[in-house]
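Working notes, structure below.
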Amino acid sequence: MTHSDVNNPVRSWIIERVLDNPKKAIFLPVLVTLIMGAGISYLVVDDDMMAMLPETLDSRMSWDAVQDEFGSTEVIFIAFGNKDQTIYSSKSFSLLWDLTKALENLDQVEKVSCITTISRIDSENGFMEISDLQPVRDLSAKQIDKIKQYLKQNPTIKQRVVSASEEYFNIMVQPYEDIPHDVMRNVVVTIGDSVLPAEYEVHYGGTAYITGSVPTMIRNDITVLLRVGLFIMAIVLMVNLRNPFAVVMVFAVIIQSLIVMAGFMGWMVFVTGSERFYFTIINASMPIILLTIANSDGVHFVAKFFKEMRKKKDTKKSLESTMDTLLVPIFLTSLTTIAAFLSLSFAPIKQLMGYGVCISVGIAHAFILSSTFLPAAISLKKWDMSSKAVTRPSIFENLIAYFGKTVTSNPKSILGVGVLFASAGIVGLLYLKVDVNIASFFRPGTEFRDSIDFIDQEMTGTMDIRVRLEGSMKNPRTLNEIINLQDMLENNNKVTTSFSIADVVKQMHRVVMDDDPEFETIPEDQGKVNNLFSMYSMSGDPEDFSTMVDYEYSVGLVTALSRVMTTDEIISIVNKIEEYVGDLKSVGSASVTGMAVVIRDLVYLVVQSSVISIVMSVILIGLITSLFFKRIAWGMMAIIPLSVAVVINFGFMGLAGIHLSHVTALLASVIIGVGVDFAIHYISQYRRLSKISEKNMLTNDVIEDVGYPIILDSASNMSFGALLFSAFIPVQYMGGLMVFAMISTSIGTLTFLAAMAELLKHNLAGK
Amino acid sequence: MRNIFIIMFGISISLGQSGYEIAKRLDEKDKPKNMVNRTSMVLTNSKGKTRNSVMITKTMDNSRCQLIWFLEPKDDRGVSFLKIEHDDRDDEMRIWLPAFKRVRRISASKKGDSFMGSDLSYEDMTSRSLDENEYKRLDDDVIDGRDCFVLKVTPTTSLKSSYSMHKLWIVKDDIYIVKEESYDKREKLKKDKSFSYLKIDNYDIMSKISVKDIQKNHRTDISFDQVKVDTNMDEKIFQEKSLKRIPKL
């Protein structure tokens with residue numbers, strides 16, 4: 001075959017340019033890789049879960065308002081002490097003092113709340129004093145006893161600063177609003193570990209700690225396991241292709257695509273400054289997804305090339321034939337996959353738009369590399385025509401014949417089994433649960449989980465629920481409603497404590513009334529409440545209230561802390577609170593926010609995003625393939641096995657109790673991305689061979705032709721099963737689901753799609 | 001020739017004065033025996049939100065005795081405050097809470113505590129004792145076209161100050177402070193204060209104070225009007241019963 005044998009002018013032009021000027025065809029895409037890759041330096045990693053919520057969402061607006069009025073609510077807790085030893089010792093107090101001062105000296109820290117920093121209000125013989133609870137670093141036994149007594153009289157305060165067993169101190173560190181959590185986590189842990197001696201147990205927790213630690217840990221974990229996966233992939237490819245150069249070339253396509261994707265992401269941040277292109281925890285799956293897609297392009301090309309070499313024994317002719325056969329399917333698979341990913345732009349989580357656009361650029365570059373760089377590089381190599389890679393079929397190639405025979409002889413049974421699997425998948429969908437709580441990303445028993453659990457169980461809990469109330473915070477009716485709201489919150493057994501400005505008013509009232517506990521109530525008239533605030537401002541710092549009430553006393557914040565809840569529990573309690581605050585009479589408006597609400601809303605967004613992206617992808621793929629192949633039937637053939645694979649995958653998750661999270665939700669994209677590739681390669685070859693093959697041998701021939709690259713691609717991608725060894729539950733799931741997705745898409749194509757095509761061959765093959 | 005001699009003499013005096021001597025001149029400056037004024041205070045937080053207060057203030061003995069009645073905001077009207085500084089014991093502070101009809105003695109155990117949510121602490125409002133600070137003269141400076149001495153004032157440990165040091169800009173001609181910077185214990189700039197004065201009965205009377213807490217990004221602007229000095233004020237008014245009735249100005 002010469003260039004002129006290629007009957008399509010565009011294909012002919014490309015083949016001519018690439019094979020006649022191979023060095024140029026290598027240089028240009030590599031140059032693009034280098035230019036795009038330079039953008040990696042502008043890549044911004046953002047671990048803020050809140051950034052995933054749309055700015056117009058109620059809870060996001062409320063969250064932003066709370067951060068603006070009351071400072072950051074995402075805090076880090078530090079607990080230190082020792083089991084079975086009282087924390088009320090002079091040494092522990094000195095350490096607490098040192099740690100507090102060191103933390104307060106950090107530029108990232110806005111406020112530290114613990115025994116050292118909180119004020120006490122005392123009343124004695126008509127004398128009211130507001131003073132430091134811990135007046136000096138080194139305390140006498142008498143001073144320690146005084147603190148102990150004060151905390152005993154004020155259990156709500158005690159709960160926040162000392163563990164129930166009085167064995168640990170609790171310190172709450174509030175960062176400035178604009179400090180990234182990973183930075184905050186690192187500085188706090190560095191200070192904590194340097195100030196506190198090894199003889200003390202130290203535990204860290206809190207939203208800022210978890211969200212500041214987990215994304216980096218996940219990224220590092222994925223990076224290590226990804227290397228293991230790539231190594232296994234190289235072995236799988238090597239065993240089947242039996243040529244190191246071919247394996248290196250497949251990897252060159254993959255790696256360059258990854259560089260372009262990451263670099264483009266960086267350039268987009270540089271050019272637009274948009275948060276949509278930040279690398280968040282959601283984007284952690286991007287490299288794996290692109291790897292599988294780029295691998296698919298490379299594997300299909302190289303496998304086909306060897307097959308042609310076996311027949312033609314001529315490098316150039318084999319390349320021409322391979323390019324002629326694969327340029328269109330690879331272009332079409334890239335186009336449909338890009339369309340599928342661009343459909344993420346319709347998802348409510350805004351980072352998904354950046355995800356879709358950047359991965360699309362990576363896919364486009366993989367196509368360019370497979371169509372130019374790869375054939376050009378292969379053409380420059382002198383091939384040994386007597387090598388095993390050329391002369392003998394591989395293990396997988398031998399297996400393929402089995403599929404062909406089975407499908408041709410039992411198409412109805414295969415279709416029936418497929419329908420059965422799909423039905424089971426639909427049932428499984430009913431059991432699918434969503435969990436986006438990062439705290440549950442770790443199995444109990446791991447060091448990180450134990451630390452979080454310790455803070456959660458021994459202290460006040462680290463999950464926060466905030467209720468922002470608009471109205472006069474000096475009005476006794478409002479303050480009483482706040483007290484009732486706090487009672488309602490504390491009725492939930494997971495909620496450990498709650499606090500608000502109403503608690504302070506009650507405490508001041510008691511102090512003014514000669515410390516009579518009967519007066520630990522909200523005063524009956526507003527004049528008295530006004531007087532209490534005036535009195536405090538004369539003696540204490542009104543800044544002490546800054547986390548509970550705004551500057552003008554017109555907005556109040558009720559904070560409830562709870563132990564870690566399941567996503568279902570979160571949804572239930574947040575809905576109850578929203579219903580309750582909706583009925584409050586004396587407040588202008590009330591909104592619920594906090595990490596619990598963020599998690600609830602994220603659940604809805606993850607589900608919405610997944611459904612939108614799956615439905616849009618399937619529609620777009622159906623449209624593109626129908627248009628390209630000029631027949632709706634082909635479009636349907638492309639999307640039916642794909643949809644079945646998605647249903648089976650999510651159904652399997654439901655049946656196996658694997659939760660859908662913002663990390664695993666995007667797995668549908670792998671199924672769609674890879675699944676459509678397989679389907680299009682199958683359909684292209686089916687159409688091509690239908691012109692030359694006997695009808696009764698058509699399915700056999702198609703499977704023999706495309707089956708090998710599909711199985712090889714799928715098997716090599718299964719190497720990401722290495723992710724099963726991750727310390728993180730969602731990453732483990734991702735590894736397991738990758739294997740499952742590869743099996744369901746490849747086998748699905750070679751059986752379900754093949755059986756459909758076999759049954760409809762009289763309709764399809766003739767046209 | 002005579003004028004040149006006077007100028008040269010003046011310069012030599014200015015150059016020759018030590019930090020302590022300048023502080024002593026400031027301390028010995030004539031002050032009214034007592035003073036009555038209407039004080040307006042505007043607090044502005046980092047987000048630009050403000051709180052306004054209006055008070056009647058009576059002071060005696062260089063503000064060692066002080067009575068404040070709140071007129072505004074409406075929520076605080078009637079609340080009043082009495083402070084008497086003592087050398088040998090803790091300062092006396094009392095507050096009248098009209099809604100409770102009770103006087104409560106209060107204490108600010110920390111000198112750095114804010115007064116009425118402003119950027120002035122009790123320490124800022126307490127007269128600075130000459131011998132409890134060390135003074136160092138720095139290079140002279142010009143503020144708003146006026147030549148100023150610049151002093152570094154370091155509180156001695158006996159003072160138990162919440163500051164590590166202050167820098168004062170003192171107008172050379174009239175010897176009054178126009179600017180002061182206060183540094184926290186970490187020697188980071190904490191407050192930037194500026195002062196304006198009016199000449200009343202030969203006294204330089206403060207008419208405006210602006211304080212900015214650099215670290216909290218919070219600001220306090222205080223202005224004094226209807227100022228009367230050396231009135232026939234009786235020292236007996238500085239007692240609890242005076243708190244209960246707002247006087248006429």
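A note on labels: chains of the structure tokens are A, B, ... as shown, every chain counts residues from 1, and ligands are counted from 1 in their shown order.
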
So which bits of stretch 108-165 of chain A end up helix (DSSP H, G or I) when you DSSP the backbone, as a JSON list (two decimals) with C-alpha atoms, in the first residue's frame?
```
[["chain", "number", "residue", "atom", "x", "y", "z"],
["A", 141, "ALA", "CA", -1.14, 24.40, 93.85],
["A", 142, "LYS", "CA", -3.60, 26.98, 95.20],
["A", 143, "GLN", "CA", -3.90, 28.71, 91.81],
["A", 144, "ILE", "CA", -4.42, 25.37, 90.07],
["A", 145, "ASP", "CA", -7.15, 24.51, 92.54],
["A", 146, "LYS", "CA", -8.82, 27.86, 91.88],
["A", 147, "ILE", "CA", -8.91, 27.10, 88.13],
["A", 148, "LYS", "CA", -10.26, 23.63, 88.84],
["A", 149, "GLN", "CA", -13.05, 25.04, 91.00],
["A", 150, "TYR", "CA", -13.97, 27.64, 88.39],
["A", 151, "LEU", "CA", -14.22, 25.00, 85.67],
["A", 152, "LYS", "CA", -16.31, 22.83, 87.95],
["A", 153, "GLN", "CA", -18.77, 25.70, 88.39],
["A", 155, "PRO", "CA", -19.17, 22.92, 82.98],
["A", 156, "THR", "CA", -19.86, 24.35, 79.50],
["A", 157, "ILE", "CA", -16.51, 26.12, 79.54],
["A", 158, "LYS", "CA", -14.79, 23.11, 81.06],
["A", 159, "GLN", "CA", -16.05, 20.83, 78.30],
["A", 160, "ARG", "CA", -14.26, 22.95, 75.73],
["A", 161, "VAL", "CA", -10.87, 23.12, 77.46]]
```

Those of stretch 110-242 of chain B in DSSP strand (DSSP E), formatted as a compact mmCIF listing (two decimals) with N, CA and C atoms, in the first residue's frame:
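Output file states-v8.txt is given in full below:
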```txt
# COMPACT_ATOMS: atom_id res chain seq x y z
N ASN B 133 9.72 54.82 84.04
CA ASN B 133 10.09 54.57 82.64
C ASN B 133 11.53 55.04 82.41
N GLU B 134 12.16 54.47 81.39
CA GLU B 134 13.49 54.96 81.00
C GLU B 134 13.33 55.67 79.67
N TYR B 135 14.14 56.73 79.48
CA TYR B 135 13.96 57.57 78.30
C TYR B 135 15.25 57.64 77.49
N LYS B 136 15.07 57.57 76.20
CA LYS B 136 16.24 57.73 75.33
C LYS B 136 15.83 58.65 74.19
N ARG B 137 16.65 59.64 73.98
CA ARG B 137 16.30 60.56 72.91
C ARG B 137 16.77 59.99 71.57
N LEU B 138 15.88 60.01 70.59
CA LEU B 138 16.23 59.54 69.24
C LEU B 138 16.39 60.78 68.33
N ASP B 139 16.67 60.54 67.05
CA ASP B 139 16.83 61.67 66.12
C ASP B 139 15.54 62.47 66.04
N ASP B 140 15.68 63.80 65.99
CA ASP B 140 14.49 64.65 65.89
C ASP B 140 13.76 64.39 64.58
N ASP B 141 12.50 64.79 64.54
CA ASP B 141 11.69 64.52 63.35
C ASP B 141 10.75 65.71 63.14
N VAL B 142 10.11 65.75 61.99
CA VAL B 142 9.15 66.82 61.72
C VAL B 142 7.79 66.17 61.49
N ILE B 143 6.78 66.63 62.25
CA ILE B 143 5.41 66.12 62.06
C ILE B 143 4.53 67.31 61.69
N ARG B 146 6.00 70.62 62.01
CA ARG B 146 6.47 71.09 63.32
C ARG B 146 7.64 70.23 63.79
N ASP B 147 8.67 70.91 64.28
CA ASP B 147 9.84 70.17 64.77
C ASP B 147 9.48 69.42 66.04
N CYS B 148 9.92 68.19 66.08
CA CYS B 148 9.57 67.36 67.26
C CYS B 148 10.80 66.67 67.82
N PHE B 149 10.81 66.55 69.14
CA PHE B 149 11.74 65.62 69.79
C PHE B 149 11.14 64.24 69.60
N VAL B 150 12.02 63.26 69.49
CA VAL B 150 11.50 61.88 69.46
C VAL B 150 12.13 61.13 70.63
N LEU B 151 11.29 60.56 71.47
CA LEU B 151 11.78 59.85 72.65
C LEU B 151 11.41 58.38 72.56
N LYS B 152 12.33 57.57 73.02
CA LYS B 152 12.00 56.15 73.19
C LYS B 152 11.76 55.97 74.69
N VAL B 153 10.57 55.51 75.02
CA VAL B 153 10.20 55.36 76.42
C VAL B 153 10.07 53.86 76.72
N THR B 154 10.87 53.39 77.63
CA THR B 154 10.82 51.96 77.96
C THR B 154 10.31 51.78 79.38
N PRO B 155 9.16 51.13 79.57
CA PRO B 155 8.66 50.94 80.93
C PRO B 155 9.61 50.04 81.74
N TYR B 163 3.32 46.82 77.36
CA TYR B 163 4.12 47.24 76.19
C TYR B 163 5.61 47.01 76.44
N SER B 164 6.34 46.87 75.33
CA SER B 164 7.81 46.77 75.47
C SER B 164 8.42 48.17 75.41
N MET B 165 7.81 49.06 74.66
CA MET B 165 8.30 50.45 74.57
C MET B 165 7.31 51.31 73.81
N HIS B 166 7.52 52.62 73.93
CA HIS B 166 6.74 53.60 73.18
C HIS B 166 7.72 54.53 72.47
N LYS B 167 7.25 55.10 71.38
CA LYS B 167 8.03 56.19 70.75
C LYS B 167 7.12 57.41 70.78
N LEU B 168 7.65 58.51 71.29
CA LEU B 168 6.83 59.72 71.39
C LEU B 168 7.40 60.81 70.50
N TRP B 169 6.53 61.51 69.84
CA TRP B 169 6.92 62.70 69.08
C TRP B 169 6.40 63.92 69.85
N ILE B 170 7.29 64.75 70.36
CA ILE B 170 6.89 65.87 71.22
C ILE B 170 7.24 67.18 70.51
N VAL B 171 6.23 68.01 70.32
CA VAL B 171 6.46 69.28 69.62
C VAL B 171 7.44 70.12 70.46
N ILE B 177 2.64 65.99 73.22
CA ILE B 177 2.82 64.81 72.35
C ILE B 177 1.85 64.91 71.18
N VAL B 178 2.37 64.78 69.97
CA VAL B 178 1.47 64.77 68.80
C VAL B 178 1.32 63.37 68.20
N LYS B 179 2.26 62.52 68.54
CA LYS B 179 2.19 61.17 67.96
C LYS B 179 2.86 60.19 68.92
N GLU B 180 2.29 59.03 68.99
CA GLU B 180 2.90 58.01 69.86
C GLU B 180 2.73 56.64 69.21
N GLU B 181 3.79 55.88 69.22
CA GLU B 181 3.70 54.49 68.75
C GLU B 181 3.99 53.59 69.95
N SER B 182 3.14 52.58 70.12
CA SER B 182 3.36 51.65 71.24
C SER B 182 3.63 50.26 70.68
N TYR B 183 4.62 49.61 71.25
CA TYR B 183 5.05 48.29 70.76
C TYR B 183 4.73 47.22 71.79
N ASP B 184 4.26 46.07 71.29
CA ASP B 184 3.90 44.99 72.23
C ASP B 184 5.15 44.28 72.74
N LEU B 189 4.85 46.68 66.34
CA LEU B 189 4.01 47.88 66.51
C LEU B 189 2.57 47.45 66.81
N LYS B 190 2.03 47.95 67.92
CA LYS B 190 0.68 47.57 68.32
C LYS B 190 -0.29 48.72 68.06
N LYS B 191 0.07 49.91 68.55
CA LYS B 191 -0.85 51.04 68.41
C LYS B 191 -0.15 52.26 67.86
N ASP B 192 -0.90 52.96 67.03
CA ASP B 192 -0.40 54.22 66.47
C ASP B 192 -1.39 55.29 66.92
N LYS B 193 -0.92 56.24 67.71
CA LYS B 193 -1.83 57.25 68.27
C LYS B 193 -1.43 58.63 67.76
N SER B 194 -2.42 59.45 67.52
CA SER B 194 -2.10 60.85 67.19
C SER B 194 -3.02 61.76 68.01
N PHE B 195 -2.51 62.94 68.32
CA PHE B 195 -3.22 63.84 69.23
C PHE B 195 -3.30 65.25 68.63
N SER B 196 -4.45 65.92 68.86
CA SER B 196 -4.59 67.34 68.48
C SER B 196 -4.91 68.12 69.75
N TYR B 197 -4.57 69.40 69.72
CA TYR B 197 -4.74 70.21 70.93
C TYR B 197 -5.43 71.53 70.63
N LEU B 198 -6.04 72.07 71.66
CA LEU B 198 -6.59 73.43 71.60
C LEU B 198 -6.00 74.21 72.76
N LYS B 199 -5.84 75.49 72.55
CA LYS B 199 -5.33 76.34 73.65
C LYS B 199 -6.54 76.86 74.42
N ILE B 200 -6.69 76.44 75.64
CA ILE B 200 -7.79 76.93 76.48
C ILE B 200 -7.17 77.45 77.78
N TYR B 203 -3.71 76.63 78.64
CA TYR B 203 -3.36 75.20 78.69
C TYR B 203 -3.46 74.63 77.29
N ASP B 204 -2.60 73.66 77.03
CA ASP B 204 -2.75 72.89 75.78
C ASP B 204 -3.66 71.71 76.12
N ILE B 205 -4.90 71.82 75.67
CA ILE B 205 -5.89 70.80 76.02
C ILE B 205 -6.13 69.89 74.81
N MET B 206 -6.09 68.63 75.08
CA MET B 206 -6.28 67.65 74.01
C MET B 206 -7.70 67.79 73.44
N SER B 207 -7.83 67.91 72.11
CA SER B 207 -9.17 68.03 71.53
C SER B 207 -9.55 66.78 70.73
N LYS B 208 -8.54 66.04 70.27
CA LYS B 208 -8.84 64.82 69.50
C LYS B 208 -7.76 63.76 69.77
N ILE B 209 -8.21 62.56 69.82
CA ILE B 209 -7.26 61.43 69.90
C ILE B 209 -7.67 60.41 68.84
N SER B 210 -6.69 59.97 68.09
CA SER B 210 -6.96 58.87 67.15
C SER B 210 -6.02 57.73 67.50
N VAL B 211 -6.59 56.57 67.70
CA VAL B 211 -5.76 55.41 68.02
C VAL B 211 -6.06 54.32 67.02
N LYS B 212 -5.02 53.76 66.44
CA LYS B 212 -5.24 52.63 65.54
C LYS B 212 -4.49 51.42 66.08
N ASP B 213 -5.24 50.36 66.33
CA ASP B 213 -4.59 49.11 66.71
C ASP B 213 -4.17 48.44 65.41
N HIS B 218 -8.23 47.94 64.05
CA HIS B 218 -9.38 48.56 64.72
C HIS B 218 -8.98 49.99 65.06
N ARG B 219 -9.98 50.90 65.01
CA ARG B 219 -9.62 52.31 65.17
C ARG B 219 -10.56 52.99 66.17
N THR B 220 -10.02 53.91 66.93
CA THR B 220 -10.83 54.68 67.87
C THR B 220 -10.56 56.17 67.64
N ASP B 221 -11.62 56.93 67.45
CA ASP B 221 -11.48 58.39 67.31
C ASP B 221 -12.26 59.05 68.44
N ILE B 222 -11.56 59.81 69.23
CA ILE B 222 -12.22 60.48 70.36
C ILE B 222 -12.08 61.99 70.17
N SER B 223 -13.18 62.69 70.36
CA SER B 223 -13.07 64.16 70.32
C SER B 223 -13.71 64.73 71.58
N PHE B 224 -13.13 65.85 72.02
CA PHE B 224 -13.62 66.49 73.25
C PHE B 224 -14.15 67.87 72.86
N ASP B 225 -15.37 68.16 73.25
CA ASP B 225 -15.87 69.53 73.03
C ASP B 225 -16.54 70.04 74.31
N GLN B 226 -16.98 71.26 74.21
CA GLN B 226 -17.54 71.96 75.39
C GLN B 226 -16.61 71.80 76.60
N VAL B 227 -15.33 71.97 76.33
CA VAL B 227 -14.33 71.76 77.39
C VAL B 227 -14.30 72.95 78.34
N LYS B 228 -14.38 72.66 79.63
CA LYS B 228 -14.24 73.70 80.66
C LYS B 228 -13.11 73.28 81.58
N VAL B 229 -12.25 74.23 81.89
CA VAL B 229 -11.12 73.88 82.76
C VAL B 229 -11.16 74.71 84.04
```

*Excluding same-chain residues fewer than 6 positions from stretch 78-88 of chain B, what lies within 8 Å of it counting only C-alpha atoms, as a list of chain:residue names?*
A:Asn531, A:Ser534, B:Arg64, B:Cys65, B:Gln66, B:Leu67, B:Ile68, B:Trp69, B:Phe70, B:Leu71, B:Arg94, B:Ile95, B:Trp96, B:Leu97, B:Pro98, B:Phe238, B:Gln239, B:Glu240, B:Leu243, B:Lys244, B:Arg245, B:Ile246

_Could you check the closest approach to A:Ile289 for each of A:Thr664, A:Trp63, A:Ser194, A:Ala502 and tell me which residue wins, using only C-alpha atoms?_
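Checking each of A:Thr664, A:Trp63, A:Ser194, A:Ala502 against A:Ile289, counting only C-alpha atoms, the winner is A:Thr664.
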
_Show me, as number ranges by chain, every residue of chain B with an atom at most 10 Å from chain A, counting only C-alpha atoms._
B: 44-45, 47, 49-51, 74-81, 93-110, 112-118, 121-122, 186, 216

Would you put the residues from that selection into a file with N, CA and C atoms, as a short mmCIF file (atom, residue, chain, number, x, y, z; two decimals), in the first residue's frame?
```cif
data_model
loop_
_atom_site.label_atom_id
_atom_site.label_comp_id
_atom_site.auth_asym_id
_atom_site.auth_seq_id
_atom_site.Cartn_x
_atom_site.Cartn_y
_atom_site.Cartn_z
N THR B 44 -14.22 51.96 65.07
CA THR B 44 -14.39 51.41 63.72
C THR B 44 -13.63 50.10 63.64
N ASN B 45 -14.32 49.03 63.29
CA ASN B 45 -13.61 47.75 63.23
C ASN B 45 -13.01 47.51 61.83
N LYS B 47 -13.84 45.85 59.45
CA LYS B 47 -14.76 45.77 58.31
C LYS B 47 -15.48 47.08 58.08
N LYS B 49 -17.31 48.73 60.21
CA LYS B 49 -18.52 48.92 61.02
C LYS B 49 -18.16 49.81 62.22
N THR B 50 -19.12 50.66 62.60
CA THR B 50 -18.78 51.62 63.67
C THR B 50 -19.73 51.51 64.85
N ARG B 51 -19.22 51.96 66.00
CA ARG B 51 -20.04 52.14 67.22
C ARG B 51 -19.75 53.54 67.73
N LYS B 74 -28.33 54.81 72.92
CA LYS B 74 -29.52 54.72 73.77
C LYS B 74 -29.40 53.54 74.76
N ASP B 75 -28.82 52.42 74.23
CA ASP B 75 -28.69 51.22 75.07
C ASP B 75 -27.86 51.47 76.33
N ASP B 76 -26.91 52.39 76.23
CA ASP B 76 -25.99 52.62 77.36
C ASP B 76 -26.37 53.84 78.19
N ARG B 77 -27.40 54.59 77.79
CA ARG B 77 -27.71 55.84 78.48
C ARG B 77 -27.96 55.56 79.97
N GLY B 78 -27.31 56.34 80.79
CA GLY B 78 -27.48 56.19 82.24
C GLY B 78 -26.38 55.37 82.88
N VAL B 79 -25.71 54.54 82.10
CA VAL B 79 -24.58 53.79 82.67
C VAL B 79 -23.48 54.79 82.99
N SER B 80 -22.88 54.67 84.14
CA SER B 80 -21.81 55.61 84.50
C SER B 80 -20.65 54.88 85.16
N PHE B 81 -19.52 55.57 85.20
CA PHE B 81 -18.28 54.90 85.58
C PHE B 81 -17.43 55.85 86.42
N MET B 93 -12.62 51.14 90.80
CA MET B 93 -13.48 51.36 89.63
C MET B 93 -14.89 50.87 89.97
N ARG B 94 -15.85 51.74 89.68
CA ARG B 94 -17.25 51.37 89.98
C ARG B 94 -18.10 51.68 88.76
N ILE B 95 -19.11 50.87 88.59
CA ILE B 95 -20.02 51.11 87.47
C ILE B 95 -21.46 51.09 87.99
N TRP B 96 -22.26 52.03 87.49
CA TRP B 96 -23.68 52.10 87.85
C TRP B 96 -24.48 51.45 86.73
N LEU B 97 -25.28 50.46 87.12
CA LEU B 97 -26.11 49.76 86.14
C LEU B 97 -27.56 50.17 86.40
N PRO B 98 -28.07 51.14 85.67
CA PRO B 98 -29.39 51.68 86.00
C PRO B 98 -30.52 50.65 85.93
N ALA B 99 -30.46 49.72 84.98
CA ALA B 99 -31.55 48.75 84.85
C ALA B 99 -31.60 47.82 86.06
N PHE B 100 -30.45 47.54 86.65
CA PHE B 100 -30.39 46.69 87.85
C PHE B 100 -30.47 47.52 89.14
N LYS B 101 -30.35 48.85 88.96
CA LYS B 101 -30.28 49.77 90.10
C LYS B 101 -29.19 49.32 91.07
N ARG B 102 -28.06 48.98 90.53
CA ARG B 102 -26.96 48.50 91.35
C ARG B 102 -25.65 49.15 90.93
N VAL B 103 -24.80 49.38 91.94
CA VAL B 103 -23.42 49.79 91.64
C VAL B 103 -22.56 48.54 91.80
N ARG B 104 -21.71 48.33 90.83
CA ARG B 104 -20.82 47.17 90.92
C ARG B 104 -19.38 47.65 90.85
N ARG B 105 -18.58 47.12 91.78
CA ARG B 105 -17.15 47.42 91.69
C ARG B 105 -16.56 46.49 90.63
N ILE B 106 -15.75 47.04 89.79
CA ILE B 106 -15.15 46.18 88.76
C ILE B 106 -13.64 46.30 88.82
N SER B 107 -13.00 45.34 88.19
CA SER B 107 -11.55 45.37 88.20
C SER B 107 -11.04 44.99 86.83
N ALA B 108 -10.04 45.71 86.41
CA ALA B 108 -9.34 45.29 85.20
C ALA B 108 -8.00 44.81 85.69
N SER B 109 -7.90 43.52 85.90
CA SER B 109 -6.65 43.02 86.47
C SER B 109 -5.51 43.16 85.47
N LYS B 110 -5.88 43.21 84.19
CA LYS B 110 -4.83 43.40 83.19
C LYS B 110 -4.84 44.85 82.76
N GLY B 112 -3.64 45.95 80.21
CA GLY B 112 -3.81 46.02 78.76
C GLY B 112 -5.26 45.87 78.32
N ASP B 113 -6.17 45.64 79.27
CA ASP B 113 -7.58 45.48 78.90
C ASP B 113 -8.11 46.74 78.25
N SER B 114 -8.98 46.52 77.27
CA SER B 114 -9.51 47.67 76.55
C SER B 114 -10.55 48.41 77.41
N PHE B 115 -10.57 49.74 77.25
CA PHE B 115 -11.58 50.52 77.95
C PHE B 115 -12.76 50.71 77.02
N MET B 116 -13.92 50.24 77.42
CA MET B 116 -15.16 50.38 76.66
C MET B 116 -15.05 49.89 75.21
N GLY B 117 -14.29 48.86 75.01
CA GLY B 117 -14.16 48.31 73.66
C GLY B 117 -13.33 49.17 72.74
N SER B 118 -12.71 50.22 73.30
CA SER B 118 -11.91 51.10 72.44
C SER B 118 -10.50 50.54 72.30
N SER B 121 -6.30 51.27 76.31
CA SER B 121 -6.38 50.38 77.47
C SER B 121 -6.32 51.23 78.73
N TYR B 122 -6.57 50.59 79.85
CA TYR B 122 -6.47 51.33 81.12
C TYR B 122 -5.06 51.90 81.27
N ARG B 186 6.41 41.62 71.98
CA ARG B 186 7.25 41.02 70.93
C ARG B 186 7.96 42.08 70.11
N LYS B 216 -5.00 44.57 65.18
CA LYS B 216 -6.42 44.19 65.05
C LYS B 216 -7.11 44.95 63.93
#
```

*So which residues touch stretch 334-343 of chain A within 10 Å, counting only C-alpha atoms, skipping near sequence neighbours fewer than 6 positions away, as a PyMOL selection string?*
chain A and resi 293-294+297+328+352-368+609+612-625+669-670+672-677+680

*Point-to-point distance in Å for atom CA of A:Ile171 and atom CA of A:Val112*: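 Atom-to-atom, atom CA of A:Val112 to atom CA of A:Ile171, that is 7.0 Å.
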